[in-house]
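Student: One file is attached below, entry.txt, containing compact mmCIF, C-alpha atoms.
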# COMPACT_ATOMS: atom_id res chain seq x y z
CA MET A 1039 -39.43 -233.06 83.81
CA ASN A 1040 -38.64 -234.81 87.05
CA PRO A 1041 -35.47 -236.82 86.27
CA LEU A 1042 -36.51 -239.56 88.68
CA ILE A 1043 -39.72 -240.19 86.77
CA ASP A 1044 -37.86 -240.13 83.47
CA VAL A 1045 -35.25 -242.64 84.59
CA ASP A 1046 -37.78 -244.95 86.17
CA ALA A 1047 -39.68 -245.07 82.88
CA TYR A 1048 -36.46 -245.99 81.12
CA LYS A 1049 -35.71 -248.61 83.76
CA GLU A 1050 -39.11 -250.21 83.27
CA GLU A 1051 -38.59 -250.31 79.52
CA SER A 1052 -35.11 -251.78 79.89
CA LEU A 1053 -36.36 -254.62 82.06
CA ARG A 1054 -39.47 -255.39 80.05
CA LEU A 1055 -39.42 -258.89 78.55
CA SER A 1056 -41.51 -258.45 75.45
CA ASP A 1057 -41.84 -259.58 71.87
CA ASN A 1058 -39.43 -256.80 70.99
CA ILE A 1059 -36.63 -258.25 73.14
CA GLU A 1060 -34.07 -258.20 70.34
CA ILE A 1061 -34.70 -254.73 68.91
CA SER A 1062 -31.29 -253.15 69.13
CA GLY A 1063 -30.81 -249.80 70.79
CA ILE A 1064 -27.90 -249.14 68.47
CA PHE A 1065 -30.38 -249.29 65.61
CA SER A 1066 -32.85 -246.90 67.19
CA LEU A 1067 -30.08 -244.29 67.40
CA LYS A 1068 -28.58 -244.98 63.98
CA GLN A 1069 -26.09 -242.47 62.61
CA GLY A 1070 -24.08 -242.51 59.41
CA ASP A 1071 -22.14 -245.56 60.54
CA ILE A 1072 -22.45 -248.26 63.17
CA SER A 1073 -19.43 -247.07 65.13
CA SER A 1074 -21.03 -243.65 65.67
CA SER A 1075 -24.36 -245.28 66.49
CA PHE A 1076 -22.68 -247.47 69.08
CA GLU A 1077 -20.88 -244.55 70.74
CA GLU A 1078 -24.07 -242.50 70.93
CA TYR A 1079 -26.05 -245.45 72.27
CA LYS A 1080 -23.33 -246.16 74.84
CA ASP A 1081 -23.29 -242.54 76.00
CA PHE A 1082 -27.09 -242.41 76.19
CA THR A 1083 -27.32 -245.70 78.11
CA ASN A 1084 -24.53 -244.88 80.55
CA GLU A 1085 -25.96 -241.43 81.23
CA ARG A 1086 -29.22 -243.11 82.20
CA PHE A 1087 -27.33 -245.58 84.36
CA ASN A 1088 -25.51 -242.80 86.20
CA GLN A 1089 -28.69 -240.77 86.61
CA LEU A 1090 -30.57 -243.70 88.11
CA LYS A 1091 -27.70 -244.37 90.52
CA LYS A 1092 -27.66 -240.72 91.53
CA ASN A 1093 -31.44 -240.73 92.08
CA GLU A 1094 -31.38 -243.90 94.14
CA GLU A 1095 -28.62 -242.54 96.35
CA GLU A 1096 -30.56 -239.31 96.83
CA LEU A 1097 -33.66 -241.28 97.83
CA ASN A 1098 -31.53 -243.24 100.28
CA ARG A 1099 -30.28 -239.99 101.85
CA ILE A 1100 -33.84 -238.74 102.22
CA PHE A 1101 -34.94 -242.04 103.76
CA ILE A 1102 -31.95 -242.14 106.14
CA ASN A 1103 -32.55 -238.56 107.29
CA ILE A 1104 -36.29 -239.03 107.77
CA TYR A 1105 -35.81 -242.07 109.96
CA ASP A 1106 -32.58 -240.91 111.60
CA LEU A 1107 -30.57 -243.90 110.41
CA ASN A 1108 -27.25 -242.15 109.77
CA ASP A 1109 -25.45 -244.44 112.21
CA GLU A 1110 -26.84 -247.59 110.61
CA LEU A 1111 -27.02 -247.01 106.84
CA THR A 1112 -25.13 -245.22 104.10
CA PRO A 1113 -26.74 -243.81 100.95
CA GLU A 1114 -24.22 -245.21 98.49
CA VAL A 1115 -25.45 -247.75 95.93
CA SER A 1116 -23.06 -250.20 94.28
CA ASP A 1117 -22.92 -250.26 90.50
CA ARG A 1118 -23.71 -253.96 90.58
CA ASP A 1119 -27.09 -253.19 92.16
CA ILE A 1120 -28.30 -250.80 89.45
CA THR A 1121 -30.88 -252.61 87.35
CA ILE A 1122 -30.64 -250.94 83.97
CA ALA A 1123 -28.05 -251.44 81.29
CA LYS A 1124 -24.54 -250.08 81.31
CA ILE A 1125 -22.36 -250.48 78.24
CA LEU A 1126 -18.59 -251.06 78.24
CA ASP A 1127 -16.31 -251.61 75.29
CA ASN A 1128 -14.84 -254.94 76.39
CA LYS A 1129 -15.21 -257.56 79.09
CA SER A 1130 -11.83 -256.46 80.45
CA ASP A 1131 -13.43 -253.11 81.32
CA ILE A 1132 -15.80 -254.74 83.82
CA ASP A 1133 -14.31 -253.84 87.20
CA GLU A 1134 -15.08 -255.27 90.64
CA GLU A 1135 -17.57 -252.50 91.41
CA ILE A 1136 -19.97 -253.70 88.71
CA LYS A 1137 -18.96 -257.35 88.29
CA GLY A 1138 -22.00 -259.58 88.72
CA ASN A 1139 -24.47 -257.04 87.37
CA GLN A 1140 -26.50 -258.96 84.78
CA TYR A 1141 -27.39 -255.77 82.91
CA VAL A 1142 -23.83 -254.94 81.88
CA LEU A 1143 -23.34 -255.10 78.12
CA THR A 1144 -20.20 -254.98 76.02
CA LYS A 1145 -19.77 -253.80 72.45
CA GLU A 1146 -19.92 -257.45 71.41
CA ASP A 1147 -23.30 -257.86 73.14
CA VAL A 1148 -24.73 -254.76 71.48
CA ILE A 1149 -23.57 -255.88 68.03
CA LYS A 1150 -25.10 -259.31 68.58
CA GLN A 1151 -28.39 -257.63 69.47
CA PHE A 1152 -28.14 -255.67 66.24
CA ILE A 1153 -27.52 -258.88 64.27
CA SER A 1154 -30.50 -260.54 65.94
CA TYR A 1155 -32.71 -257.61 64.97
CA ALA A 1156 -31.44 -257.82 61.39
CA VAL A 1157 -32.34 -261.51 61.25
CA GLY A 1158 -35.79 -260.63 62.55
CA CYS A 1159 -36.19 -258.20 59.65
CA MET A 1160 -35.08 -260.87 57.17
CA PHE A 1161 -37.82 -263.20 58.39
CA GLY A 1162 -40.50 -260.54 58.71
CA ARG A 1163 -40.75 -260.45 62.47
CA TYR A 1164 -39.76 -256.81 62.18
CA SER A 1165 -39.77 -254.30 59.35
CA LEU A 1166 -37.66 -251.27 58.58
CA ASP A 1167 -40.86 -249.61 57.37
CA GLU A 1168 -42.89 -249.90 60.58
CA GLU A 1169 -42.10 -249.82 64.27
CA GLY A 1170 -42.58 -252.67 66.70
CA LEU A 1171 -43.41 -256.32 66.25
CA ILE A 1172 -44.86 -256.93 62.79
CA TYR A 1173 -45.46 -260.67 62.56
CA ALA A 1174 -45.75 -263.39 65.19
CA GLY A 1175 -48.49 -265.54 63.68
CA GLY A 1176 -51.67 -265.14 61.68
CA GLU A 1177 -51.87 -263.89 58.11
CA PHE A 1178 -48.53 -262.80 56.68
CA ASP A 1179 -48.70 -259.51 54.77
CA SER A 1180 -45.65 -259.08 52.52
CA SER A 1181 -46.71 -255.52 51.62
CA ARG A 1182 -45.45 -254.34 55.03
CA TYR A 1183 -41.85 -254.94 53.99
CA LYS A 1184 -40.47 -252.58 51.36
CA THR A 1185 -36.95 -251.56 52.37
CA ILE A 1186 -35.65 -255.05 53.14
CA GLU A 1187 -36.70 -258.07 51.12
CA VAL A 1188 -38.21 -260.69 53.41
CA THR A 1189 -37.55 -264.34 52.64
CA ASN A 1190 -40.60 -265.61 50.78
CA ASP A 1191 -40.32 -269.23 51.86
CA ASN A 1192 -39.18 -268.60 55.46
CA ILE A 1193 -35.83 -270.31 54.85
CA ILE A 1194 -32.35 -268.76 55.01
CA PRO A 1195 -29.40 -271.13 54.38
CA ILE A 1196 -25.86 -271.04 55.76
CA THR A 1197 -23.33 -273.74 54.88
CA SER A 1198 -19.67 -274.35 55.62
CA ASP A 1199 -18.40 -274.38 52.04
CA VAL A 1200 -21.12 -273.44 49.59
CA TYR A 1201 -21.87 -269.72 49.43
CA LEU A 1202 -25.39 -269.11 48.15
CA ASP A 1203 -26.66 -265.78 46.83
CA ASP A 1204 -29.46 -265.65 49.39
CA ASP A 1205 -27.59 -267.08 52.35
CA MET A 1206 -27.53 -265.48 55.79
CA VAL A 1207 -24.29 -263.59 55.24
CA ASN A 1208 -25.35 -261.98 51.96
CA ARG A 1209 -28.73 -261.03 53.39
CA PHE A 1210 -27.07 -259.46 56.43
CA VAL A 1211 -24.62 -257.49 54.29
CA ASP A 1212 -27.58 -256.25 52.24
CA PHE A 1213 -29.34 -255.23 55.46
CA VAL A 1214 -26.36 -253.18 56.65
CA GLU A 1215 -26.08 -251.51 53.26
CA LYS A 1216 -29.79 -250.65 53.17
CA VAL A 1217 -29.68 -249.17 56.68
CA TYR A 1218 -26.39 -247.26 56.59
CA GLY A 1219 -25.65 -246.85 52.88
CA LYS A 1220 -23.16 -248.29 50.43
CA GLU A 1221 -20.51 -245.65 51.14
CA THR A 1222 -19.89 -246.88 54.69
CA LEU A 1223 -20.63 -250.58 54.09
CA GLU A 1224 -17.09 -251.94 54.37
CA LYS A 1225 -16.34 -249.72 57.37
CA ASN A 1226 -19.48 -250.97 59.10
CA LEU A 1227 -18.76 -254.62 58.32
CA ALA A 1228 -15.24 -254.17 59.69
CA PHE A 1229 -16.62 -252.70 62.92
CA ILE A 1230 -19.09 -255.57 63.31
CA ALA A 1231 -16.43 -258.19 62.57
CA GLU A 1232 -14.02 -256.65 65.08
CA ALA A 1233 -16.72 -256.73 67.76
CA LEU A 1234 -17.34 -260.41 67.01
CA GLY A 1235 -13.68 -261.28 67.55
CA GLN A 1236 -12.35 -261.21 64.01
CA ARG A 1237 -9.30 -263.40 63.53
CA ARG A 1238 -6.06 -262.24 62.02
CA ASN A 1239 -6.11 -262.17 58.21
CA GLU A 1240 -9.84 -262.97 58.21
CA SER A 1241 -12.16 -260.87 56.06
CA SER A 1242 -15.21 -259.22 57.59
CA ARG A 1243 -17.52 -261.46 55.59
CA ASP A 1244 -15.64 -264.58 56.67
CA THR A 1245 -16.03 -263.50 60.30
CA LEU A 1246 -19.76 -263.07 59.76
CA HIS A 1247 -19.96 -266.44 58.04
CA SER A 1248 -18.20 -268.13 60.94
CA TYR A 1249 -20.47 -266.39 63.46
CA PHE A 1250 -23.71 -267.33 61.73
CA LEU A 1251 -22.54 -270.89 61.18
CA ASN A 1252 -21.12 -271.60 64.64
CA ASP A 1253 -22.32 -269.12 67.24
CA PHE A 1254 -25.45 -267.24 66.24
CA TYR A 1255 -27.85 -270.00 67.27
CA LYS A 1256 -26.26 -270.40 70.70
CA ASP A 1257 -26.50 -266.67 71.31
CA HIS A 1258 -30.05 -266.52 70.01
CA ALA A 1259 -31.20 -269.42 72.19
CA GLN A 1260 -29.60 -267.75 75.21
CA MET A 1261 -31.28 -264.45 74.38
CA TYR A 1262 -34.63 -266.22 74.30
CA SER A 1263 -34.18 -268.15 77.52
CA VAL A 1264 -36.76 -267.98 80.27
CA SER A 1265 -35.69 -268.27 83.89
CA GLY A 1266 -36.79 -271.64 85.23
CA SER A 1267 -38.07 -272.83 81.85
CA GLY A 1268 -34.98 -273.00 79.66
CA LYS A 1269 -34.24 -271.78 76.15
CA ARG A 1270 -37.01 -270.87 73.73
CA PRO A 1271 -35.47 -269.86 70.37
CA ILE A 1272 -37.85 -268.50 67.76
CA TYR A 1273 -35.45 -268.84 64.82
CA TRP A 1274 -34.76 -272.55 64.42
CA GLN A 1275 -31.57 -273.99 62.97
CA PHE A 1276 -31.89 -277.10 60.83
CA THR A 1277 -28.52 -278.81 60.52
CA SER A 1278 -27.16 -281.90 58.79
CA GLY A 1279 -24.65 -282.62 61.55
CA LYS A 1280 -21.11 -282.09 62.80
CA GLU A 1281 -19.62 -281.69 59.31
CA ASN A 1282 -21.79 -278.57 58.89
CA ALA A 1283 -22.50 -279.54 55.30
CA PHE A 1284 -25.94 -277.95 55.40
CA ASN A 1285 -27.64 -275.52 57.75
CA CYS A 1286 -30.61 -273.24 57.41
CA PHE A 1287 -32.75 -271.10 59.67
CA ILE A 1288 -36.50 -270.71 59.76
CA TYR A 1289 -38.80 -268.48 61.80
CA MET A 1290 -41.05 -270.75 63.86
CA HIS A 1291 -44.05 -268.42 63.57
CA ARG A 1292 -43.99 -268.76 59.78
CA TYR A 1293 -43.48 -272.53 59.68
CA ASP A 1294 -46.04 -274.57 57.77
CA LYS A 1295 -46.33 -278.21 56.77
CA SER A 1296 -44.57 -277.59 53.43
CA THR A 1297 -41.44 -276.07 55.00
CA LEU A 1298 -39.49 -279.32 55.29
CA SER A 1299 -40.20 -280.23 51.69
CA THR A 1300 -39.04 -276.79 50.55
CA ILE A 1301 -35.82 -277.08 52.58
CA ARG A 1302 -35.11 -280.40 50.89
CA THR A 1303 -35.97 -279.64 47.27
CA ASP A 1304 -34.96 -275.99 47.00
CA TYR A 1305 -31.90 -275.87 49.25
CA LEU A 1306 -30.49 -279.21 50.35
CA HIS A 1307 -30.47 -280.71 46.85
CA ASP A 1308 -28.76 -277.60 45.51
CA VAL A 1309 -25.95 -277.94 48.05
CA GLN A 1310 -25.64 -281.66 47.30
CA GLN A 1311 -25.21 -280.96 43.59
CA ARG A 1312 -22.61 -278.27 44.22
CA LEU A 1313 -20.58 -280.57 46.47
CA GLU A 1314 -20.70 -283.37 43.91
CA ILE A 1315 -19.32 -280.98 41.30
CA ARG A 1316 -16.62 -279.86 43.73
CA LYS A 1317 -15.75 -283.50 44.39
CA ILE A 1318 -15.21 -284.10 40.68
CA ASP A 1319 -13.00 -281.01 40.37
CA LEU A 1320 -10.87 -282.04 43.35
CA THR A 1321 -10.57 -285.61 42.09
CA ASN A 1322 -9.29 -284.32 38.76
CA ILE A 1323 -6.65 -282.23 40.52
CA VAL A 1324 -5.53 -285.16 42.69
CA ASN A 1325 -5.13 -287.31 39.57
CA SER A 1326 -3.37 -284.59 37.58
CA ASP A 1327 0.27 -283.53 37.32
CA ALA A 1328 -0.32 -280.52 39.56
CA SER A 1329 2.29 -279.63 42.18
CA VAL A 1330 2.69 -281.80 45.25
CA VAL A 1331 1.44 -278.96 47.43
CA GLU A 1332 -1.68 -278.50 45.30
CA VAL A 1333 -2.38 -282.24 45.15
CA ASN A 1334 -2.03 -282.66 48.91
CA ARG A 1335 -4.24 -279.66 49.59
CA SER A 1336 -6.87 -280.97 47.19
CA ARG A 1337 -6.70 -284.44 48.70
CA ARG A 1338 -7.38 -283.05 52.19
CA GLU A 1339 -10.30 -281.00 50.94
CA LEU A 1340 -11.60 -283.99 48.99
CA ARG A 1341 -11.71 -286.12 52.13
CA ARG A 1342 -13.67 -283.40 53.90
CA ILE A 1343 -16.08 -282.97 50.98
CA GLU A 1344 -16.66 -286.73 50.85
CA LYS A 1345 -17.60 -286.72 54.54
CA GLN A 1346 -20.00 -283.87 53.90
CA ILE A 1347 -21.61 -285.69 50.99
CA VAL A 1348 -22.18 -288.76 53.16
CA GLU A 1349 -23.67 -286.54 55.86
CA LEU A 1350 -25.98 -284.85 53.36
CA ASN A 1351 -27.18 -288.14 51.91
CA LYS A 1352 -28.19 -289.36 55.36
CA TYR A 1353 -29.82 -286.03 56.16
CA ASP A 1354 -31.71 -286.12 52.87
CA GLU A 1355 -33.21 -289.49 53.81
CA LYS A 1356 -34.39 -288.18 57.19
CA LEU A 1357 -35.72 -284.99 55.67
CA HIS A 1358 -37.54 -286.90 52.95
CA HIS A 1359 -39.18 -289.18 55.48
CA MET A 1360 -40.29 -286.35 57.75
CA SER A 1361 -41.39 -284.02 54.97
CA ASP A 1362 -43.74 -286.76 53.76
CA GLN A 1363 -45.41 -286.64 57.16
CA GLN A 1364 -46.53 -283.03 56.59
CA ILE A 1365 -45.76 -282.14 60.20
CA GLU A 1366 -47.76 -279.26 61.60
CA ILE A 1367 -47.15 -277.23 64.73
CA ASP A 1368 -49.48 -275.29 66.98
CA LEU A 1369 -47.86 -272.16 68.41
CA ASP A 1370 -50.14 -272.41 71.42
CA ASP A 1371 -48.49 -275.73 72.33
CA GLY A 1372 -45.22 -273.95 72.98
CA PHE A 1373 -41.58 -274.68 72.26
CA LYS A 1374 -41.26 -277.84 74.36
CA VAL A 1375 -44.03 -279.58 72.43
CA ASN A 1376 -43.19 -278.36 68.93
CA TYR A 1377 -39.39 -278.51 68.83
CA PRO A 1378 -39.00 -282.26 69.53
CA LYS A 1379 -41.14 -283.04 66.48
CA PHE A 1380 -38.07 -282.29 64.36
CA ALA A 1381 -35.53 -284.34 66.30
CA GLY A 1382 -32.72 -285.51 64.04
CA LEU A 1383 -33.15 -282.55 61.72
CA ILE A 1384 -32.73 -279.63 64.03
CA ALA A 1385 -29.94 -278.33 66.27
CA LYS A 1386 -29.97 -279.13 69.96
CA VAL A 1387 -30.50 -276.27 72.40
I need this file expressed as structure tokens, please.

Tutor:
Amino acid sequence: MNPLIDVDAYKEESLRLSDNIEISGIFSLKQGDISSSFEEYKDFTNERFNQLKKNEEELNRIFINIYDLNDELTPEVSDRDITIAKILDNKSDIDEEIKGNQYVLTKEDVIKQFISYAVGCMFGRYSLDEEGLIYAGGEFDSSRYKTIEVTNDNIIPITSDVYLDDDMVNRFVDFVEKVYGKETLEKNLAFIAEALGQRRNESSRDTLHSYFLNDFYKDHAQMYSVSGSGKRPIYWQFTSGKENAFNCFIYMHRYDKSTLSTIRTDYLHDVQQRLEIRKIDLTNIVNSDASVVEVNRSRRELRRIEKQIVELNKYDEKLHHMSDQQIEIDLDDGFKVNYPKFAGLIAKV
């Protein structure tokens, strides 16, 4: 096969902005663990990068010789001008030769793509049982998802204090286990957490929790940004406010007029009840003969929980009011028309 044709086909695929934008290359080359998958994907991608650079320089030499331009042009092509991906381990590895190339990825970027793909599988946009885009509107067919359980109600919660069985972290951990196996689960979670900037003495699951709660939506909105038109996230984050008492994600293509009511009755009220119970427990400790250290710690947490309860009560009122309106969206209207309908309930982008 002509290597130039092969590389150009890869280049076209790399640049294509499609519904499959978040499908992770690390997943398509999955090995026994994510670390091995990443290394193979990095080698594969960088080999393509080097081959394309070599081909472009060879074409330049041919062009220069044909038109006798040796005194005016050189065949060399800068790394920053190659328009397919190159993968480096860390941002510190980006040297001057390639700095400014928008196609450069780090291990962190690749892992975030993998996480985005996993979230897509949780919502049914993708399936581990079929290739390509599975659902982006129309009739939802749950029979197309066998390996990974898709959220039935199109809602996945993530909160700052309350850990729910079906929250984003637990679903992601289940995804990694289903893909790579239980034997390598902890090793894989450690690799992912390290790539996300795991803090000292922080568990892998805590790193994931922090990422989903604080950074996933920003990264997702940036991934789905359109030049000249702004950000167009497809997974929407509903949030109670700065105290992060309640957050959940939905997939916009599966939204229906009952979604807000389901968020309120099946998720928000559950978190409210759990925080009220926690408030009682902390109050009992504060009023007990526990150690000074324990009382002070409980008092600080109690103040934070009380702020969260206030935030949730206000959010519940807004959610109740808007769920009664049975808001509908039309996907054909686009993000800019549909997203503002949920102002006050949904995160800013």

Student: Taking all atoms listed in the file into account, name the residue in A:Phe1178, A:Tyr1218, A:Phe1161, A:Tyr1155 that is nearest to Met1290 in chain A.

Tutor: A:Phe1161

Student: Which of these, A:Gly1279, A:Gly1070, A:Gly1138, A:Pro1195, has the shortest distance to Ser1116 in chain A once you count only C-alpha atoms?

Tutor: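 That would be A:Gly1138, the residue with the smallest distance to Ser1116 in chain A.
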
Student: Just to confirm, what's the straight-line distance from CA of Gln1140 in chain A to CA of Thr1121 in chain A in Å (one decimal)?

Tutor: 8.1 Å

Student: So that I can see what lies close to Met1360 in chain A, please list as a list in words the residues with an atom at most 12 Å from it, counting only C-alpha atoms and leaving out residues fewer than 2 positions away in the same chain.

Tutor: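 Counting only the stated atoms, we get Lys1295, Ser1296, Thr1297, Leu1298, Ser1299, Ile1301, Arg1302, Tyr1353, Asp1354, Glu1355, Lys1356, Leu1357, His1358, Asp1362, Gln1363, Gln1364, Ile1365, Glu1366, Lys1379, Phe1380, Ala1381, Gly1382, Leu1383 and Ile1384 of chain A.
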
Student: Please report the interatomic distance between CA of Asn1093 in chain A and CA of Ile1064 in chain A in Å with one decimal.

Tutor: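 For CA of Asn1093 in chain A relative to CA of Ile1064 in chain A, the distance reads 25.3 Å.
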
Student: I want to know what sits within 12 Å of Asp1119 in chain A, based on all atoms listed in the file, with residues of the same chain fewer than 4 positions away left out; could you give that as a PDB file with C-alpha atoms, in the frame of the given file?

Tutor:
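Heads up, here's the output in around09.pdb:
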ATOM      1  CA  PHE A1087     -27.330-245.580  84.360  1.00  0.00           C
ATOM      2  CA  LEU A1090     -30.570-243.700  88.110  1.00  0.00           C
ATOM      3  CA  LYS A1091     -27.700-244.370  90.520  1.00  0.00           C
ATOM      4  CA  GLU A1094     -31.380-243.900  94.140  1.00  0.00           C
ATOM      5  CA  GLU A1095     -28.620-242.540  96.350  1.00  0.00           C
ATOM      6  CA  GLU A1114     -24.220-245.210  98.490  1.00  0.00           C
ATOM      7  CA  VAL A1115     -25.450-247.750  95.930  1.00  0.00           C
ATOM      8  CA  ALA A1123     -28.050-251.440  81.290  1.00  0.00           C
ATOM      9  CA  LYS A1124     -24.540-250.080  81.310  1.00  0.00           C
ATOM     10  CA  GLU A1135     -17.570-252.500  91.410  1.00  0.00           C
ATOM     11  CA  ILE A1136     -19.970-253.700  88.710  1.00  0.00           C
ATOM     12  CA  LYS A1137     -18.960-257.350  88.290  1.00  0.00           C
ATOM     13  CA  GLY A1138     -22.000-259.580  88.720  1.00  0.00           C
ATOM     14  CA  ASN A1139     -24.470-257.040  87.370  1.00  0.00           C
ATOM     15  CA  GLN A1140     -26.500-258.960  84.780  1.00  0.00           C
ATOM     16  CA  TYR A1141     -27.390-255.770  82.910  1.00  0.00           C
ATOM     17  CA  VAL A1142     -23.830-254.940  81.880  1.00  0.00           C
TER      18      VAL A1142
END

Student: Considering all atoms listed in the file, state which residue in the set A:Leu1107, A:Val1214, A:Leu1223, A:Ala1283 is at the smallest distance from Arg1312 in chain A.

Tutor: A:Ala1283

Student: Pick the closest to Thr1185 in chain A from A:Cys1159, A:Ile1172, A:Leu1202, A:Ile1132: which is it, counting all atoms listed in the file?

Tutor: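 For Thr1185 in chain A, the nearest of the candidates is A:Cys1159.
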
Student: Under the rule that all atoms listed in the file are counted, which of A:Ile1347, A:Leu1171, A:Val1324, A:Gln1151 is the nearest residue to His1307 in chain A?

Tutor: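 Among A:Ile1347, A:Leu1171, A:Val1324, A:Gln1151, it is A:Ile1347 that comes nearest to His1307 in chain A.
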